[in-house]
Amino acid sequence: MEFDAIARSLAEAGRFLASQGWAPATSGNYSARLADGAIAITVSGRDKGQLTPDDIMTVDLQGQPLSPGKRSSAETLLHTSLYQAYPEVGAVLHTHSINCVSLSRWLLGRGHDSLVLTNYELLKALPGITTHAVEVAVPIVANSQDMVTLSEVVLARLKALTAPVGYIIAGHGLYSWGATVPQARMATEALEVLVSCALQDLLLSQKLS
């Protein structure tokens with residue numbers, strides 16, 4: 001019964017994220033931790049705008065499939081490595097928005113390895129933040145098809161932060177999380193909007209300078 005409820009929650013979150021334009025084609029993947037230690041995760045290649053509980057499978061903490069006949073994303077290790085490193089993480093959502101992909105490429109190409117967000121009221125939607133007057137650094141890492149190396153790079157960057165809320169793979173997309181699927185969904189929505197605000201600020205500053 002727990003898996004059924006989690007599968008429904010992930011499918012609903014996926015349909016919402018797709019409705020915002022943050023999961024074009026079949027991009028993105030979503031997961032949640034189960035009480036027995038397994039991970040519920042989206043099946044590879046599914047249209048996220050039409051997700052159903054049948055599109056959710058289980059893997060172990062090493063990313064090995066536990067659901068016969070189903071295959072998860074090649075990026076599964078980016079989910080499971082977070083669960084292994086952070087016991088408080090209960091759900092991970094990965095989006096591919098145009099603004100996130102574009103801004104991350106621009107920043108990394110100019111030597112910026114983080115997106116720093118500050119003085120946005122919406123920062124208070126993120127766990128543990130109670131004021132706009134903070135700086136939240138979202139690491140940006142270069143894309144790679146080597147998931148083992150990429151997950152190691154990501155964890156090294158996250159471990160350098162006191163309370164990481166997400167990270168961006170340049171030209172690829174955002175990974176964010178929460179203790180539950182609803183909390184991860186709220187954090188993802190907030191970060192996607194904040195990324196869009198940061199991009200608009202940059203464009204306006206260049207236009208008006």
# chains A, B, ... in the order shown; residues from 1 in each chain; ligands from 1
call {"tool": "residues_around", "arguments": {"residues": "region 6-16 of chain A", "least_positions_apart": "4", "cutoff": "6 Å", "atoms": "only C-alpha atoms", "output": "list in words"}}
result
Lys48, Gly49, Leu51, Thr52, Pro53 and Ile56 of chain A
call {"tool": "residues_around", "arguments": {"residues": "Ala179 (chain A)", "least_positions_apart": "6", "cutoff": "10 Å", "atoms": "only C-alpha atoms", "output": "PyMOL selection string"}}
result
chain A and resi 32-33+87-92+127
call {"tool": "closest_residue", "arguments": {"among": "A:Ser27, A:Ser114, A:Thr162, A:Ser102", "to": "Gly128 (chain A)", "atoms": "only C-alpha atoms"}}
result
A:Thr162
call {"tool": "residues_around", "arguments": {"residues": "Leu117 (chain A)", "least_positions_apart": "2", "cutoff": "9 Å", "atoms": "only C-alpha atoms", "output": "NGL selection string"}}
result
:A and (115 or 119-120 or 123 or 134-138 or 194-195 or 198)
call {"tool": "write_last_selection", "arguments": {"atoms": "C-alpha atoms", "output": "PDB file, in the first residue's frame"}}
result
ATOM      1  CA  LEU A 115      23.778  30.220  -9.122  1.00  0.00           C
ATOM      2  CA  ASN A 119      16.587  38.738  -1.699  1.00  0.00           C
ATOM      3  CA  TYR A 120      13.761  36.741  -3.263  1.00  0.00           C
ATOM      4  CA  LEU A 123      13.320  31.545  -0.968  1.00  0.00           C
ATOM      5  CA  VAL A 134      19.849  35.009   2.771  1.00  0.00           C
ATOM      6  CA  GLU A 135      22.127  33.723   0.047  1.00  0.00           C
ATOM      7  CA  VAL A 136      21.366  30.286  -1.347  1.00  0.00           C
ATOM      8  CA  ALA A 137      24.009  28.772  -3.607  1.00  0.00           C
ATOM      9  CA  VAL A 138      22.828  26.220  -6.152  1.00  0.00           C
ATOM     10  CA  LEU A 194      13.684  31.495  -8.844  1.00  0.00           C
ATOM     11  CA  VAL A 195      15.887  30.390 -11.758  1.00  0.00           C
ATOM     12  CA  ALA A 198      17.447  35.206 -11.958  1.00  0.00           C
TER      13      ALA A 198
END
call {"tool": "residues_around", "arguments": {"residues": "region 61-70 of chain A", "least_positions_apart": "5", "cutoff": "7 Å", "atoms": "only C-alpha atoms", "output": "list in words"}}
result
Ala38, Ile39, Val43, Thr76, Leu77 and Thr80 of chain A
call {"tool": "select_by_dssp", "arguments": {"residues": "chain A", "states": "strand (DSSP E or B)", "output": "compact mmCIF listing (two decimals) with all heavy atoms, in the first residue's frame"}}
result
# COMPACT_ATOMS: atom_id res chain seq x y z
N ASN A 29 13.07 12.77 -14.40
CA ASN A 29 12.83 11.54 -13.64
C ASN A 29 12.58 11.90 -12.19
O ASN A 29 13.07 12.90 -11.69
CB ASN A 29 13.99 10.52 -13.78
CG ASN A 29 15.34 11.18 -13.96
OD1 ASN A 29 15.91 11.69 -13.00
ND2 ASN A 29 15.84 11.20 -15.17
N TYR A 30 11.77 11.07 -11.53
CA TYR A 30 11.29 11.37 -10.19
C TYR A 30 11.37 10.12 -9.33
O TYR A 30 11.12 9.01 -9.81
CB TYR A 30 9.84 11.87 -10.23
CG TYR A 30 9.56 12.78 -11.40
CD1 TYR A 30 8.56 12.47 -12.32
CD2 TYR A 30 10.30 13.94 -11.62
CE1 TYR A 30 8.30 13.29 -13.41
CE2 TYR A 30 10.06 14.76 -12.70
CZ TYR A 30 9.06 14.44 -13.60
OH TYR A 30 8.82 15.25 -14.67
N SER A 31 11.68 10.31 -8.05
CA SER A 31 11.83 9.14 -7.17
C SER A 31 11.44 9.47 -5.75
O SER A 31 11.32 10.64 -5.37
CB SER A 31 13.28 8.64 -7.20
OG SER A 31 14.15 9.58 -6.56
N ALA A 32 11.25 8.43 -4.95
CA ALA A 32 10.95 8.59 -3.52
C ALA A 32 11.44 7.36 -2.77
O ALA A 32 11.44 6.25 -3.30
CB ALA A 32 9.45 8.78 -3.29
N ARG A 33 11.84 7.59 -1.54
CA ARG A 33 12.33 6.52 -0.69
C ARG A 33 11.16 5.76 -0.07
O ARG A 33 10.18 6.37 0.39
CB ARG A 33 13.22 7.11 0.42
CG ARG A 33 14.02 6.08 1.20
CD ARG A 33 14.56 6.70 2.49
NE ARG A 33 15.42 7.84 2.30
CZ ARG A 33 16.75 7.80 2.21
NH1 ARG A 33 17.38 6.64 2.28
NH2 ARG A 33 17.46 8.92 2.07
N ILE A 39 13.79 2.18 -3.49
CA ILE A 39 13.49 3.48 -4.07
C ILE A 39 12.45 3.31 -5.18
O ILE A 39 12.65 2.51 -6.10
CB ILE A 39 14.76 4.15 -4.66
CG1 ILE A 39 15.87 4.24 -3.60
CG2 ILE A 39 14.42 5.51 -5.25
CD1 ILE A 39 15.51 5.03 -2.37
N ALA A 40 11.37 4.05 -5.09
CA ALA A 40 10.39 4.10 -6.17
C ALA A 40 10.85 5.16 -7.16
O ALA A 40 11.22 6.27 -6.76
CB ALA A 40 9.01 4.45 -5.62
N ILE A 41 10.85 4.84 -8.45
CA ILE A 41 11.38 5.76 -9.45
C ILE A 41 10.66 5.58 -10.77
O ILE A 41 10.14 4.49 -11.07
CB ILE A 41 12.91 5.55 -9.62
CG1 ILE A 41 13.55 6.67 -10.42
CG2 ILE A 41 13.21 4.17 -10.22
CD1 ILE A 41 15.08 6.70 -10.35
N THR A 42 10.62 6.63 -11.56
CA THR A 42 9.95 6.56 -12.85
C THR A 42 10.66 5.62 -13.81
O THR A 42 11.89 5.54 -13.84
CB THR A 42 9.86 7.96 -13.49
OG1 THR A 42 11.11 8.64 -13.32
CG2 THR A 42 8.77 8.79 -12.85
N VAL A 43 9.86 4.93 -14.61
CA VAL A 43 10.39 4.05 -15.66
C VAL A 43 10.96 4.92 -16.78
O VAL A 43 10.43 5.99 -17.09
CB VAL A 43 9.27 3.13 -16.18
CG1 VAL A 43 9.74 2.33 -17.39
CG2 VAL A 43 8.78 2.21 -15.06
N ILE A 56 5.80 3.71 -12.54
CA ILE A 56 6.74 3.78 -11.41
C ILE A 56 7.22 2.36 -11.08
O ILE A 56 6.41 1.43 -11.01
CB ILE A 56 6.08 4.40 -10.16
CG1 ILE A 56 5.37 5.72 -10.51
CG2 ILE A 56 7.11 4.61 -9.07
CD1 ILE A 56 6.26 6.80 -11.06
N MET A 57 8.52 2.21 -10.89
CA MET A 57 9.12 0.92 -10.56
C MET A 57 9.95 1.07 -9.28
O MET A 57 9.98 2.16 -8.69
CB MET A 57 10.00 0.43 -11.71
CG MET A 57 11.16 1.36 -12.02
SD MET A 57 12.27 0.75 -13.30
CE MET A 57 13.02 -0.66 -12.48
N THR A 58 10.62 0.01 -8.87
CA THR A 58 11.50 0.10 -7.71
C THR A 58 12.91 -0.35 -8.07
O THR A 58 13.11 -1.21 -8.93
CB THR A 58 10.99 -0.75 -6.53
OG1 THR A 58 10.80 -2.10 -6.96
CG2 THR A 58 9.68 -0.20 -5.99
N VAL A 59 13.88 0.29 -7.39
CA VAL A 59 15.29 -0.09 -7.49
C VAL A 59 15.85 -0.15 -6.08
O VAL A 59 15.25 0.38 -5.13
CB VAL A 59 16.10 0.92 -8.34
CG1 VAL A 59 15.59 0.97 -9.77
CG2 VAL A 59 16.08 2.32 -7.71
N PRO A 65 17.51 -2.71 -10.60
CA PRO A 65 16.04 -2.85 -10.66
C PRO A 65 15.52 -3.97 -9.78
O PRO A 65 16.11 -5.04 -9.69
CB PRO A 65 15.78 -3.13 -12.15
CG PRO A 65 17.08 -3.67 -12.67
CD PRO A 65 18.15 -2.99 -11.89
N SER A 72 14.75 1.64 -15.32
CA SER A 72 14.72 3.03 -14.87
C SER A 72 15.70 3.86 -15.70
O SER A 72 16.45 3.35 -16.53
CB SER A 72 15.07 3.12 -13.39
OG SER A 72 16.39 2.66 -13.15
N ALA A 91 12.48 12.33 -1.22
CA ALA A 91 12.02 12.36 -2.61
C ALA A 91 12.93 13.28 -3.41
O ALA A 91 13.40 14.31 -2.90
CB ALA A 91 10.58 12.83 -2.70
N VAL A 92 13.18 12.92 -4.66
CA VAL A 92 14.06 13.68 -5.56
C VAL A 92 13.33 13.87 -6.88
O VAL A 92 12.82 12.90 -7.46
CB VAL A 92 15.40 12.95 -5.80
CG1 VAL A 92 16.27 13.75 -6.78
CG2 VAL A 92 16.13 12.71 -4.48
N LEU A 93 13.30 15.10 -7.37
CA LEU A 93 12.65 15.42 -8.64
C LEU A 93 13.65 16.10 -9.57
O LEU A 93 14.43 16.96 -9.14
CB LEU A 93 11.45 16.34 -8.41
CG LEU A 93 10.39 15.83 -7.43
CD1 LEU A 93 9.29 16.87 -7.25
CD2 LEU A 93 9.79 14.50 -7.90
N HIS A 94 13.62 15.72 -10.84
CA HIS A 94 14.58 16.24 -11.82
C HIS A 94 13.83 16.81 -13.02
O HIS A 94 13.06 16.10 -13.67
CB HIS A 94 15.51 15.11 -12.27
CG HIS A 94 16.38 15.44 -13.45
ND1 HIS A 94 17.04 16.63 -13.57
CD2 HIS A 94 16.67 14.72 -14.57
CE1 HIS A 94 17.73 16.63 -14.71
NE2 HIS A 94 17.51 15.49 -15.32
N THR A 95 14.04 18.10 -13.29
CA THR A 95 13.34 18.80 -14.36
C THR A 95 14.32 19.27 -15.45
O THR A 95 15.52 19.31 -15.23
CB THR A 95 12.59 20.01 -13.80
OG1 THR A 95 13.49 20.80 -12.99
CG2 THR A 95 11.41 19.56 -12.94
N SER A 114 28.19 28.28 -9.58
CA SER A 114 26.98 28.27 -8.76
C SER A 114 26.04 29.38 -9.21
O SER A 114 26.49 30.41 -9.74
CB SER A 114 27.31 28.50 -7.28
OG SER A 114 28.02 27.41 -6.72
N LEU A 115 24.77 29.16 -8.99
CA LEU A 115 23.78 30.22 -9.12
C LEU A 115 23.45 30.67 -7.70
O LEU A 115 22.98 29.88 -6.89
CB LEU A 115 22.51 29.70 -9.82
CG LEU A 115 21.30 30.63 -9.80
CD1 LEU A 115 21.59 31.91 -10.57
CD2 LEU A 115 20.08 29.92 -10.37
N VAL A 116 23.72 31.94 -7.40
CA VAL A 116 23.48 32.47 -6.06
C VAL A 116 22.16 33.23 -6.07
O VAL A 116 21.99 34.20 -6.83
CB VAL A 116 24.63 33.37 -5.59
CG1 VAL A 116 24.33 33.94 -4.21
CG2 VAL A 116 25.94 32.59 -5.56
N LEU A 117 21.24 32.79 -5.23
CA LEU A 117 19.92 33.40 -5.13
C LEU A 117 19.82 34.17 -3.82
O LEU A 117 20.11 33.61 -2.75
CB LEU A 117 18.84 32.32 -5.18
CG LEU A 117 18.84 31.44 -6.43
CD1 LEU A 117 17.96 30.22 -6.23
CD2 LEU A 117 18.37 32.25 -7.65
N THR A 118 19.40 35.43 -3.88
CA THR A 118 19.27 36.22 -2.66
C THR A 118 18.20 37.29 -2.85
O THR A 118 17.94 37.74 -3.97
CB THR A 118 20.61 36.87 -2.27
OG1 THR A 118 20.49 37.47 -0.99
CG2 THR A 118 21.06 37.90 -3.29
N GLU A 135 21.55 34.13 1.33
CA GLU A 135 22.13 33.72 0.05
C GLU A 135 22.06 32.20 -0.05
O GLU A 135 22.53 31.50 0.85
CB GLU A 135 23.58 34.18 -0.09
CG GLU A 135 23.73 35.66 -0.37
CD GLU A 135 25.15 36.00 -0.80
OE1 GLU A 135 26.04 35.10 -0.75
OE2 GLU A 135 25.38 37.16 -1.19
N VAL A 136 21.46 31.72 -1.10
CA VAL A 136 21.37 30.29 -1.35
C VAL A 136 22.16 29.98 -2.61
O VAL A 136 21.86 30.50 -3.69
CB VAL A 136 19.90 29.84 -1.52
CG1 VAL A 136 19.83 28.38 -1.95
CG2 VAL A 136 19.13 30.06 -0.23
N ALA A 137 23.18 29.15 -2.46
CA ALA A 137 24.01 28.77 -3.61
C ALA A 137 23.53 27.44 -4.17
O ALA A 137 23.43 26.45 -3.44
CB ALA A 137 25.47 28.67 -3.19
N VAL A 138 23.22 27.44 -5.45
CA VAL A 138 22.83 26.22 -6.15
C VAL A 138 23.99 25.83 -7.06
O VAL A 138 24.27 26.51 -8.05
CB VAL A 138 21.55 26.44 -6.98
CG1 VAL A 138 21.14 25.14 -7.68
CG2 VAL A 138 20.41 26.97 -6.11
N PRO A 139 24.72 24.76 -6.72
CA PRO A 139 25.87 24.38 -7.54
C PRO A 139 25.50 24.08 -8.98
O PRO A 139 24.42 23.53 -9.25
CB PRO A 139 26.39 23.11 -6.84
CG PRO A 139 25.88 23.21 -5.44
CD PRO A 139 24.54 23.88 -5.56
N ILE A 140 26.39 24.45 -9.88
CA ILE A 140 26.26 24.10 -11.30
C ILE A 140 27.43 23.20 -11.66
O ILE A 140 28.58 23.56 -11.42
CB ILE A 140 26.26 25.35 -12.19
CG1 ILE A 140 25.12 26.29 -11.80
CG2 ILE A 140 26.16 24.96 -13.67
CD1 ILE A 140 25.17 27.64 -12.52
N VAL A 141 27.15 22.03 -12.20
CA VAL A 141 28.21 21.09 -12.59
C VAL A 141 28.11 20.81 -14.08
O VAL A 141 27.04 20.89 -14.67
CB VAL A 141 28.13 19.77 -11.79
CG1 VAL A 141 28.26 20.04 -10.30
CG2 VAL A 141 26.83 19.05 -12.07
N GLY A 166 19.49 21.93 -3.81
CA GLY A 166 19.41 21.42 -5.16
C GLY A 166 20.70 21.68 -5.90
O GLY A 166 21.63 22.30 -5.36
N TYR A 167 20.76 21.19 -7.12
CA TYR A 167 21.90 21.49 -7.98
C TYR A 167 21.44 21.44 -9.43
O TYR A 167 20.36 20.94 -9.75
CB TYR A 167 23.07 20.52 -7.75
CG TYR A 167 22.83 19.09 -8.17
CD1 TYR A 167 23.14 18.66 -9.47
CD2 TYR A 167 22.31 18.14 -7.29
CE1 TYR A 167 22.94 17.33 -9.86
CE2 TYR A 167 22.10 16.83 -7.67
CZ TYR A 167 22.42 16.43 -8.95
OH TYR A 167 22.21 15.14 -9.34
N ILE A 168 22.27 22.02 -10.31
CA ILE A 168 21.94 22.08 -11.73
C ILE A 168 23.06 21.45 -12.54
O ILE A 168 24.23 21.76 -12.31
CB ILE A 168 21.73 23.53 -12.20
CG1 ILE A 168 20.64 24.23 -11.37
CG2 ILE A 168 21.37 23.57 -13.69
CD1 ILE A 168 20.56 25.73 -11.61
N ILE A 169 22.70 20.56 -13.44
CA ILE A 169 23.65 20.05 -14.42
C ILE A 169 23.54 20.96 -15.63
O ILE A 169 22.46 21.09 -16.22
CB ILE A 169 23.36 18.60 -14.80
CG1 ILE A 169 23.38 17.70 -13.56
CG2 ILE A 169 24.38 18.10 -15.83
CD1 ILE A 169 23.00 16.26 -13.85
N GLY A 173 19.63 20.16 -16.53
CA GLY A 173 18.47 20.47 -15.72
C GLY A 173 18.73 20.46 -14.23
O GLY A 173 19.86 20.26 -13.77
N LEU A 174 17.64 20.67 -13.49
CA LEU A 174 17.66 20.84 -12.05
C LEU A 174 17.35 19.54 -11.32
O LEU A 174 16.45 18.81 -11.72
CB LEU A 174 16.61 21.89 -11.66
CG LEU A 174 16.30 22.07 -10.17
CD1 LEU A 174 17.46 22.78 -9.47
CD2 LEU A 174 15.01 22.86 -9.99
N TYR A 175 18.09 19.28 -10.24
CA TYR A 175 17.75 18.24 -9.27
C TYR A 175 17.43 18.92 -7.95
O TYR A 175 18.22 19.74 -7.46
CB TYR A 175 18.92 17.27 -9.06
CG TYR A 175 18.98 16.16 -10.07
CD1 TYR A 175 19.59 16.36 -11.30
CD2 TYR A 175 18.43 14.91 -9.80
CE1 TYR A 175 19.65 15.33 -12.24
CE2 TYR A 175 18.48 13.88 -10.73
CZ TYR A 175 19.09 14.10 -11.95
OH TYR A 175 19.14 13.09 -12.87
N SER A 176 16.28 18.60 -7.37
CA SER A 176 15.92 19.16 -6.07
C SER A 176 15.16 18.10 -5.29
O SER A 176 14.76 17.07 -5.84
CB SER A 176 15.09 20.43 -6.23
OG SER A 176 14.03 20.22 -7.15
N TRP A 177 14.95 18.34 -4.01
CA TRP A 177 14.44 17.27 -3.16
C TRP A 177 13.72 17.80 -1.95
O TRP A 177 13.67 19.00 -1.68
CB TRP A 177 15.59 16.37 -2.70
CG TRP A 177 16.77 17.14 -2.18
CD1 TRP A 177 16.94 17.68 -0.93
CD2 TRP A 177 17.94 17.51 -2.93
NE1 TRP A 177 18.15 18.32 -0.84
CE2 TRP A 177 18.78 18.24 -2.05
CE3 TRP A 177 18.38 17.28 -4.24
CZ2 TRP A 177 20.02 18.76 -2.46
CZ3 TRP A 177 19.60 17.79 -4.64
CH2 TRP A 177 20.41 18.51 -3.75
N GLY A 178 13.14 16.86 -1.19
CA GLY A 178 12.45 17.19 0.05
C GLY A 178 12.26 15.93 0.87
O GLY A 178 12.59 14.82 0.42
call {"tool": "residues_around", "arguments": {"residues": "Gln145 (chain A)", "least_positions_apart": "4", "cutoff": "9 Å", "atoms": "only C-alpha atoms", "output": "NGL selection string"}}
result
:A and (74-75 or 149-150)
call {"tool": "write_last_selection", "arguments": {"atoms": "all heavy atoms", "output": "PDB file, in the first residue's frame"}}
result
ATOM      1  N   ALA A  74      18.823   6.128 -16.996  1.00  0.00           N
ATOM      2  CA  ALA A  74      20.279   6.011 -16.879  1.00  0.00           C
ATOM      3  C   ALA A  74      20.804   6.890 -15.754  1.00  0.00           C
ATOM      4  O   ALA A  74      21.926   6.688 -15.265  1.00  0.00           O
ATOM      5  CB  ALA A  74      20.940   6.401 -18.202  1.00  0.00           C
ATOM      6  N   GLU A  75      20.002   7.862 -15.323  1.00  0.00           N
ATOM      7  CA  GLU A  75      20.406   8.796 -14.277  1.00  0.00           C
ATOM      8  C   GLU A  75      19.979   8.343 -12.877  1.00  0.00           C
ATOM      9  O   GLU A  75      20.053   9.114 -11.915  1.00  0.00           O
ATOM     10  CB  GLU A  75      19.825  10.178 -14.583  1.00  0.00           C
ATOM     11  CG  GLU A  75      20.353  10.744 -15.895  1.00  0.00           C
ATOM     12  CD  GLU A  75      19.451  11.808 -16.481  1.00  0.00           C
ATOM     13  OE1 GLU A  75      18.592  12.345 -15.758  1.00  0.00           O
ATOM     14  OE2 GLU A  75      19.602  12.102 -17.676  1.00  0.00           O
ATOM     15  N   THR A 149      31.006   9.062 -12.085  1.00  0.00           N
ATOM     16  CA  THR A 149      31.831  10.255 -11.890  1.00  0.00           C
ATOM     17  C   THR A 149      30.971  11.477 -11.606  1.00  0.00           C
ATOM     18  O   THR A 149      31.277  12.274 -10.706  1.00  0.00           O
ATOM     19  CB  THR A 149      32.701  10.508 -13.130  1.00  0.00           C
ATOM     20  OG1 THR A 149      33.571   9.389 -13.330  1.00  0.00           O
ATOM     21  CG2 THR A 149      33.530  11.766 -12.968  1.00  0.00           C
ATOM     22  N   LEU A 150      29.869  11.611 -12.351  1.00  0.00           N
ATOM     23  CA  LEU A 150      29.003  12.768 -12.166  1.00  0.00           C
ATOM     24  C   LEU A 150      28.410  12.788 -10.756  1.00  0.00           C
ATOM     25  O   LEU A 150      28.375  13.843 -10.099  1.00  0.00           O
ATOM     26  CB  LEU A 150      27.886  12.764 -13.209  1.00  0.00           C
ATOM     27  CG  LEU A 150      26.934  13.964 -13.201  1.00  0.00           C
ATOM     28  CD1 LEU A 150      27.690  15.272 -13.331  1.00  0.00           C
ATOM     29  CD2 LEU A 150      25.907  13.822 -14.329  1.00  0.00           C
TER      30      LEU A 150
END
call {"tool": "select_by_dssp", "arguments": {"residues": "region 34-205 of chain A", "states": "helix (DSSP H, G or I)", "output": "ChimeraX atom specification"}}
result
/A:48-50,53-55,76-85,98-109,121-125,147-159,181-205
call {"tool": "residues_around", "arguments": {"residues": "Lys124 (chain A)", "least_positions_apart": "4", "cutoff": "10 Å", "atoms": "only C-alpha atoms", "output": "PyMOL selection string"}}
result
chain A and resi 120+128-134+187+190
call {"tool": "closest_residue", "arguments": {"among": "A:Lys207, A:Arg185, A:His96, A:Arg46", "to": "Leu126 (chain A)", "atoms": "only C-alpha atoms"}}
result
A:Arg185
call {"tool": "atom_distance", "arguments": {"atom1": "CA of Ala156 (chain A)", "atom2": "CA of Cys100 (chain A)"}}
result
21.4 Å
